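Quick look at input_17.tsv (TSV, C-alpha atoms):
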```
chain	number	residue	atom	x	y	z
A	1	MET	CA	-68.59	-82.09	-25.29
A	2	ALA	CA	-70.90	-84.36	-23.35
A	3	ILE	CA	-72.79	-83.59	-20.18
A	4	ARG	CA	-75.11	-85.80	-18.18
A	5	CYS	CA	-78.30	-84.07	-17.09
A	6	GLN	CA	-82.02	-84.61	-16.59
A	7	PHE	CA	-85.08	-82.55	-17.39
A	8	GLU	CA	-86.74	-82.63	-13.99
A	9	ALA	CA	-86.83	-86.41	-13.31
A	10	SER	CA	-86.58	-87.52	-16.97
A	11	ASN	CA	-83.51	-88.77	-18.83
A	12	GLU	CA	-85.39	-88.18	-22.11
A	13	VAL	CA	-83.80	-84.75	-22.63
A	14	GLY	CA	-84.49	-84.82	-26.38
A	15	VAL	CA	-88.20	-84.65	-25.63
A	16	PHE	CA	-87.76	-81.29	-23.92
A	17	CYS	CA	-85.17	-79.59	-26.14
A	18	LYS	CA	-84.31	-79.15	-29.82
A	19	LEU	CA	-80.62	-78.62	-30.58
A	20	THR	CA	-79.31	-77.50	-33.98
A	21	ASN	CA	-76.08	-75.88	-35.16
A	22	SER	CA	-77.78	-72.44	-34.95
A	23	TYR	CA	-80.00	-72.55	-31.85
A	24	CYS	CA	-81.31	-74.62	-28.95
A	25	LEU	CA	-84.94	-74.61	-27.80
A	26	VAL	CA	-85.55	-75.64	-24.19
A	27	GLY	CA	-89.04	-76.30	-22.82
A	28	ILE	CA	-90.23	-74.31	-19.85
A	29	ALA	CA	-90.03	-76.35	-16.64
A	30	ALA	CA	-90.94	-75.96	-12.98
A	31	SER	CA	-87.21	-75.80	-12.21
A	32	GLU	CA	-84.57	-73.73	-13.99
A	33	ASN	CA	-81.85	-76.37	-13.40
A	34	PHE	CA	-81.93	-78.01	-16.85
A	35	TYR	CA	-82.13	-74.68	-18.66
A	36	SER	CA	-79.18	-73.37	-16.63
A	37	VAL	CA	-77.04	-76.41	-17.49
A	38	VAL	CA	-77.80	-76.12	-21.21
A	39	GLU	CA	-77.35	-72.36	-21.23
A	40	GLY	CA	-74.04	-72.69	-19.38
A	41	GLU	CA	-72.70	-75.06	-22.04
A	42	LEU	CA	-74.10	-73.43	-25.19
A	43	ALA	CA	-74.91	-69.74	-24.65
A	44	ASP	CA	-71.47	-68.58	-25.84
A	45	ILE	CA	-71.96	-70.49	-29.10
A	46	ILE	CA	-75.67	-70.37	-30.02
A	47	PRO	CA	-78.81	-68.81	-28.56
A	48	VAL	CA	-80.59	-70.96	-25.97
A	49	ILE	CA	-84.29	-70.14	-26.10
A	50	HIS	CA	-86.62	-70.90	-23.18
A	51	CYS	CA	-90.05	-71.51	-24.72
A	52	SER	CA	-93.25	-73.48	-25.00
A	53	ILE	CA	-94.69	-74.74	-28.28
A	54	ALA	CA	-98.45	-75.26	-28.65
A	55	GLY	CA	-98.73	-74.70	-24.91
A	56	THR	CA	-96.44	-77.63	-24.08
A	57	ARG	CA	-92.87	-78.05	-22.90
A	58	ILE	CA	-92.11	-81.07	-25.12
A	59	VAL	CA	-90.48	-78.84	-27.73
A	60	GLY	CA	-88.16	-81.59	-29.00
A	61	ARG	CA	-91.04	-83.91	-29.85
A	62	ILE	CA	-93.27	-81.41	-31.63
A	63	THR	CA	-90.74	-79.39	-33.64
A	64	VAL	CA	-88.24	-80.16	-36.36
A	65	GLY	CA	-85.40	-77.89	-37.35
A	66	ASN	CA	-81.89	-77.33	-38.59
A	67	ARG	CA	-79.55	-74.35	-38.96
A	68	LYS	CA	-81.73	-72.91	-41.74
A	69	GLY	CA	-85.21	-73.23	-40.28
A	70	LEU	CA	-87.74	-74.48	-37.79
A	71	LEU	CA	-91.15	-76.07	-38.37
A	72	VAL	CA	-93.71	-75.92	-35.58
A	73	PRO	CA	-97.20	-77.45	-35.35
A	74	ASN	CA	-100.24	-75.41	-36.36
A	75	ASP	CA	-101.34	-75.25	-32.68
A	76	THR	CA	-98.37	-72.99	-31.88
A	77	THR	CA	-99.81	-69.72	-30.55
A	78	ASP	CA	-99.13	-66.33	-32.12
A	79	GLN	CA	-97.31	-65.30	-28.94
A	80	GLU	CA	-95.07	-68.40	-29.03
A	81	LEU	CA	-94.34	-67.84	-32.71
A	82	GLN	CA	-93.43	-64.20	-32.12
A	83	HIS	CA	-91.14	-65.17	-29.22
A	84	LEU	CA	-89.34	-67.64	-31.51
A	85	ARG	CA	-88.95	-65.09	-34.31
A	86	ASN	CA	-87.60	-62.50	-31.86
A	87	SER	CA	-85.15	-64.97	-30.29
A	88	LEU	CA	-83.84	-67.03	-33.21
A	89	PRO	CA	-81.01	-65.82	-35.46
A	90	ASP	CA	-82.29	-63.70	-38.36
A	91	ASN	CA	-81.31	-66.31	-40.96
A	92	VAL	CA	-83.51	-69.01	-39.36
A	93	ASN	CA	-86.95	-69.20	-40.98
A	94	VAL	CA	-89.92	-70.35	-38.89
A	95	ARG	CA	-93.16	-71.77	-40.27
A	96	ARG	CA	-96.28	-73.35	-38.84
A	97	VAL	CA	-97.40	-76.53	-40.57
A	98	ASP	CA	-100.86	-78.05	-40.50
A	99	GLU	CA	-99.94	-81.72	-40.19
A	100	LYS	CA	-102.18	-84.47	-38.80
A	101	LEU	CA	-99.00	-86.17	-37.52
A	102	SER	CA	-98.37	-83.06	-35.43
A	103	ALA	CA	-95.56	-84.42	-33.23
A	104	LEU	CA	-93.10	-83.41	-35.94
A	105	GLY	CA	-90.04	-84.49	-33.94
A	106	ASN	CA	-91.45	-88.03	-33.74
A	107	VAL	CA	-92.12	-88.39	-37.46
A	108	ILE	CA	-89.14	-86.50	-38.96
A	109	ALA	CA	-85.39	-86.86	-38.48
A	110	CYS	CA	-83.27	-84.27	-40.26
A	111	ASN	CA	-79.92	-82.57	-40.51
A	112	ASP	CA	-78.84	-79.63	-42.66
A	113	TYR	CA	-79.11	-81.66	-45.89
A	114	VAL	CA	-81.73	-84.42	-45.67
A	115	ALA	CA	-84.97	-85.23	-43.88
A	116	LEU	CA	-86.19	-88.77	-43.24
A	117	VAL	CA	-89.95	-88.67	-42.81
A	118	HIS	CA	-92.86	-90.91	-41.86
A	119	PRO	CA	-94.34	-92.44	-45.03
A	120	GLU	CA	-97.73	-90.79	-44.40
A	121	ILE	CA	-96.55	-87.21	-43.85
A	122	SER	CA	-98.55	-84.72	-45.92
A	123	LYS	CA	-97.28	-83.26	-49.20
A	124	GLU	CA	-97.63	-79.79	-47.64
A	125	THR	CA	-95.27	-80.72	-44.80
A	126	GLU	CA	-92.84	-82.26	-47.29
A	127	LYS	CA	-92.89	-79.00	-49.26
A	128	ALA	CA	-92.33	-76.96	-46.07
A	129	LEU	CA	-89.30	-79.11	-45.24
A	130	GLU	CA	-87.87	-78.46	-48.70
A	131	GLU	CA	-88.58	-74.71	-48.59
A	132	VAL	CA	-87.86	-73.79	-44.96
A	133	LEU	CA	-85.20	-76.31	-43.92
A	134	GLN	CA	-83.85	-76.59	-47.50
A	135	VAL	CA	-83.42	-80.37	-47.31
A	136	GLU	CA	-83.99	-83.31	-49.61
A	137	VAL	CA	-86.89	-85.41	-48.26
A	138	PHE	CA	-87.01	-89.22	-48.12
A	139	ARG	CA	-90.17	-91.06	-47.02
A	140	MET	CA	-89.22	-94.17	-45.06
A	141	SER	CA	-89.47	-96.29	-41.96
A	142	LEU	CA	-86.56	-97.54	-39.89
A	143	GLY	CA	-87.22	-101.26	-39.99
A	144	ASN	CA	-90.73	-101.64	-38.54
A	145	HIS	CA	-90.64	-98.15	-37.00
A	146	ALA	CA	-92.56	-95.48	-38.94
A	147	LEU	CA	-91.87	-92.90	-36.20
A	148	ILE	CA	-88.43	-92.26	-37.64
A	149	GLY	CA	-87.76	-89.19	-35.50
A	150	SER	CA	-88.18	-91.33	-32.38
A	151	TYR	CA	-85.73	-93.96	-33.59
A	152	ALA	CA	-83.04	-91.88	-35.32
A	153	VAL	CA	-81.14	-88.65	-34.74
A	154	LEU	CA	-79.21	-87.07	-37.60
A	155	SER	CA	-76.50	-84.44	-37.64
A	156	SER	CA	-74.19	-83.32	-40.40
A	157	GLN	CA	-71.46	-85.45	-38.77
A	158	GLY	CA	-73.35	-88.73	-38.26
A	159	ALA	CA	-76.50	-90.51	-37.20
A	160	LEU	CA	-77.54	-92.51	-34.15
A	161	VAL	CA	-80.28	-95.07	-34.72
A	162	GLU	CA	-82.22	-97.39	-32.44
A	163	ALA	CA	-79.96	-100.00	-30.80
A	164	LYS	CA	-81.56	-103.02	-32.53
A	165	THR	CA	-81.21	-101.62	-36.07
A	166	SER	CA	-79.60	-104.26	-38.28
A	167	PRO	CA	-76.14	-103.68	-39.78
A	168	GLN	CA	-77.68	-103.93	-43.27
A	169	THR	CA	-80.21	-101.18	-42.48
A	170	GLN	CA	-77.41	-99.05	-41.01
A	171	ARG	CA	-75.36	-99.42	-44.22
A	172	GLU	CA	-78.36	-98.57	-46.41
A	173	LEU	CA	-79.18	-95.52	-44.30
A	174	ALA	CA	-75.55	-94.34	-44.34
A	175	ALA	CA	-75.53	-94.55	-48.14
A	176	LEU	CA	-78.73	-92.50	-48.27
A	177	VAL	CA	-77.82	-89.74	-45.81
A	178	GLN	CA	-74.08	-89.69	-46.62
A	179	VAL	CA	-72.93	-89.68	-42.97
A	180	PRO	CA	-71.76	-92.53	-40.71
A	181	VAL	CA	-74.62	-94.38	-38.97
A	182	VAL	CA	-74.23	-96.09	-35.59
A	183	ALA	CA	-76.81	-98.10	-33.64
A	184	GLY	CA	-77.02	-97.45	-29.92
A	185	THR	CA	-78.54	-95.41	-27.14
A	186	VAL	CA	-77.34	-92.75	-24.73
A	187	ASN	CA	-79.63	-94.02	-21.96
A	188	ARG	CA	-77.67	-97.18	-21.09
```
How does this structure look as structure tokens?
Amino acid sequence: MAIRCQFEASNEVGVFCKLTNSYCLVGIAASENFYSVVEGELADIIPVIHCSIAGTRIVGRITVGNRKGLLVPNDTTDQELQHLRNSLPDNVNVRRVDEKLSALGNVIACNDYVALVHPEISKETEKALEEVLQVEVFRMSLGNHALIGSYAVLSSQGALVEAKTSPQTQRELAALVQVPVVAGTVNR
């Protein structure tokens, strides 16, 4: 399934939502249009949760998650955390992490088995990834890009990496994450 949509006037829909095999978080917007499109496509399959994280709507950039768990930045309010816990499936664990690189979605790319993380992520965040998301953690950059979550998206079926990623880097990454890796973009 593929649908073309925008979050308000932005094509960067991954900034405003976090999609996993168990749930979808959608940032609160001035218009309900984006939420309605996502809910219409996914609500019969997984819960679609309208939320803010740390008072912002950029939920895709500041969270990291998979079907087993969700990590949110330490600035997430108690009310936001309670809303998530009430809305997510019971088997999804949620934890705040105190990470100086707090835009977790920018510095971590993960699926249900592995997490690729910025080389300078804290040991505490690495441990939270292992415990909550139950993934094996690899510290790395994608070429010259340390913000791995901004340049790669992983699923249990494959990975999409930044369009200029070399074939050699794609092969090395595919061997590491054990899924096919393709370079490209959805914005062209």
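Atom to atom, atom CA of A:Leu116 and atom CA of A:Gly149 stand 7.9 Å apart.
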Rank A:Glu99, A:Thr185, A:Ile108, A:Ala175 by their smallest atom-to-atom distance to A:Ile148, using all atoms listed in the file, and report the top residue only.
A:Ile108
So which residues are close to (-77.8, -81.4, -33.2), meaning at most 12 Å away in the file's coordinates with only C-alpha atoms counted, and can you show them as number ranges by chain?
A: 14, 17-25, 42, 46, 60, 64-67, 109-112, 152-160
Write out as a ChimeraX atom specification the residues lying within 12 Å of A:His83, counting all atoms listed in the file and excluding same-chain residues fewer than 6 positions away.
/A:25,49-53,76-77,89,94
Mind pulling up the distance from atom CA of A:Tyr35 to atom CA of A:Val132?
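Computing the Euclidean distance for atom CA of A:Val132 and atom CA of A:Tyr35 yields 26.9 Å.
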Gap from atom CA of A:Gln134 to atom CA of A:Ala163 - Å, one decimal
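A separation of 29.0 Å between them.
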Closest to A:Val59 among A:Asn91, A:Glu80, A:Ile45, A:Glu39, using all atoms listed in the file?
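For A:Val59, the nearest of the candidates is A:Glu80.
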Answer as a PyMOL selection string, residues within 9 Å of (-73.0, -100.2, -36.7) using all atoms listed in the file
chain A and resi 165-168+170-171+180-184
Which is closest to A:Lys127 among A:Ile28, A:Leu81, A:Met140, A:Leu71, if we use all atoms listed in the file?
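Of A:Ile28, A:Leu81, A:Met140, A:Leu71, the one nearest A:Lys127 is A:Leu71, counting all atoms listed in the file.
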Write out as a list in words the residues lying within 6 Å of stretch 104-107 of chain A, counting only C-alpha atoms and excluding same-chain residues fewer than 6 positions away.
Arg61, Ile62, Thr63, Val64, Val117, His118, Leu147, Ile148, Gly149 and Ser150 of chain A
Selection: 8 Å around A:Leu129, only C-alpha atoms, excl. self and same-chain fewer than 6 positions, as a list in words:
Leu71, Ala115, Val135 and Val137 of chain A
My list of candidates is A:Val15, A:Leu88, A:Leu70, A:Leu173. Which is closest to A:Thr56 when distances are computed with all atoms listed in the file?
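The shortest atom-to-atom distance to A:Thr56 comes from A:Val15.
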Any idea what's packed within 10 Å of A:Glu32, counting only C-alpha atoms, ignoring anything in its chain fewer than 5 positions away? Could you give it as a PyMOL selection string?
chain A and resi 7-8+37+50
Dump as a PDB file, in the coordinates of the input, selection limited to C-alpha atoms:
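Contents of the output file out22.pdb:
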```pdb
ATOM      1  CA  PHE A   7     -85.080 -82.550 -17.390  1.00  0.00           C
ATOM      2  CA  GLU A   8     -86.740 -82.630 -13.990  1.00  0.00           C
ATOM      3  CA  VAL A  37     -77.040 -76.410 -17.490  1.00  0.00           C
ATOM      4  CA  HIS A  50     -86.620 -70.900 -23.180  1.00  0.00           C
TER       5      HIS A  50
END
```
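Closest approach to A:Val26 among A:Ile58, A:Ile3, A:Ala43, A:Val179 is made by A:Ile58 (distances from all atoms listed in the file).
With distances taken over only C-alpha atoms, A:Arg139 is the one residue among A:Arg95, A:Arg139, A:Arg4, A:Lys100 lying closest to A:Pro119.
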Would you mind putting N, CA and C atoms back on stretch 166-184 of chain A and writing the result as a short mmCIF file (atom, residue, chain, number, x, y, z; two decimals), keeping the file's coordinate frame?
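Output saved as result_18.cif:
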```
data_model
loop_
_atom_site.label_atom_id
_atom_site.label_comp_id
_atom_site.auth_asym_id
_atom_site.auth_seq_id
_atom_site.Cartn_x
_atom_site.Cartn_y
_atom_site.Cartn_z
N SER A 166 -80.52 -103.29 -37.68
CA SER A 166 -79.60 -104.26 -38.28
C SER A 166 -78.43 -103.56 -38.98
N PRO A 167 -77.29 -104.25 -39.05
CA PRO A 167 -76.14 -103.68 -39.78
C PRO A 167 -76.48 -103.35 -41.24
N GLN A 168 -77.28 -104.19 -41.88
CA GLN A 168 -77.68 -103.93 -43.27
C GLN A 168 -78.47 -102.63 -43.38
N THR A 169 -79.43 -102.42 -42.48
CA THR A 169 -80.21 -101.18 -42.48
C THR A 169 -79.31 -99.98 -42.19
N GLN A 170 -78.36 -100.13 -41.30
CA GLN A 170 -77.41 -99.05 -41.01
C GLN A 170 -76.60 -98.68 -42.25
N ARG A 171 -76.14 -99.68 -43.00
CA ARG A 171 -75.36 -99.42 -44.22
C ARG A 171 -76.22 -98.72 -45.27
N GLU A 172 -77.46 -99.18 -45.43
CA GLU A 172 -78.36 -98.57 -46.41
C GLU A 172 -78.66 -97.12 -46.05
N LEU A 173 -78.90 -96.88 -44.77
CA LEU A 173 -79.18 -95.52 -44.30
C LEU A 173 -77.96 -94.62 -44.47
N ALA A 174 -76.78 -95.13 -44.17
CA ALA A 174 -75.55 -94.34 -44.34
C ALA A 174 -75.34 -93.95 -45.80
N ALA A 175 -75.65 -94.87 -46.72
CA ALA A 175 -75.53 -94.55 -48.14
C ALA A 175 -76.52 -93.46 -48.55
N LEU A 176 -77.70 -93.48 -47.95
CA LEU A 176 -78.73 -92.50 -48.27
C LEU A 176 -78.41 -91.12 -47.72
N VAL A 177 -78.02 -91.04 -46.46
CA VAL A 177 -77.82 -89.74 -45.81
C VAL A 177 -76.38 -89.24 -45.91
N GLN A 178 -75.47 -90.07 -46.38
CA GLN A 178 -74.08 -89.69 -46.62
C GLN A 178 -73.33 -89.25 -45.35
N VAL A 179 -73.67 -89.85 -44.23
CA VAL A 179 -72.93 -89.68 -42.97
C VAL A 179 -72.83 -91.05 -42.31
N PRO A 180 -71.85 -91.26 -41.43
CA PRO A 180 -71.76 -92.53 -40.71
C PRO A 180 -73.00 -92.76 -39.84
N VAL A 181 -73.45 -94.00 -39.77
CA VAL A 181 -74.62 -94.38 -38.97
C VAL A 181 -74.19 -95.42 -37.94
N VAL A 182 -74.57 -95.18 -36.69
CA VAL A 182 -74.23 -96.09 -35.59
C VAL A 182 -75.52 -96.43 -34.84
N ALA A 183 -75.67 -97.69 -34.46
CA ALA A 183 -76.81 -98.10 -33.64
C ALA A 183 -76.41 -98.01 -32.18
N GLY A 184 -77.32 -97.54 -31.34
CA GLY A 184 -77.02 -97.45 -29.92
C GLY A 184 -78.04 -96.60 -29.19
#
```
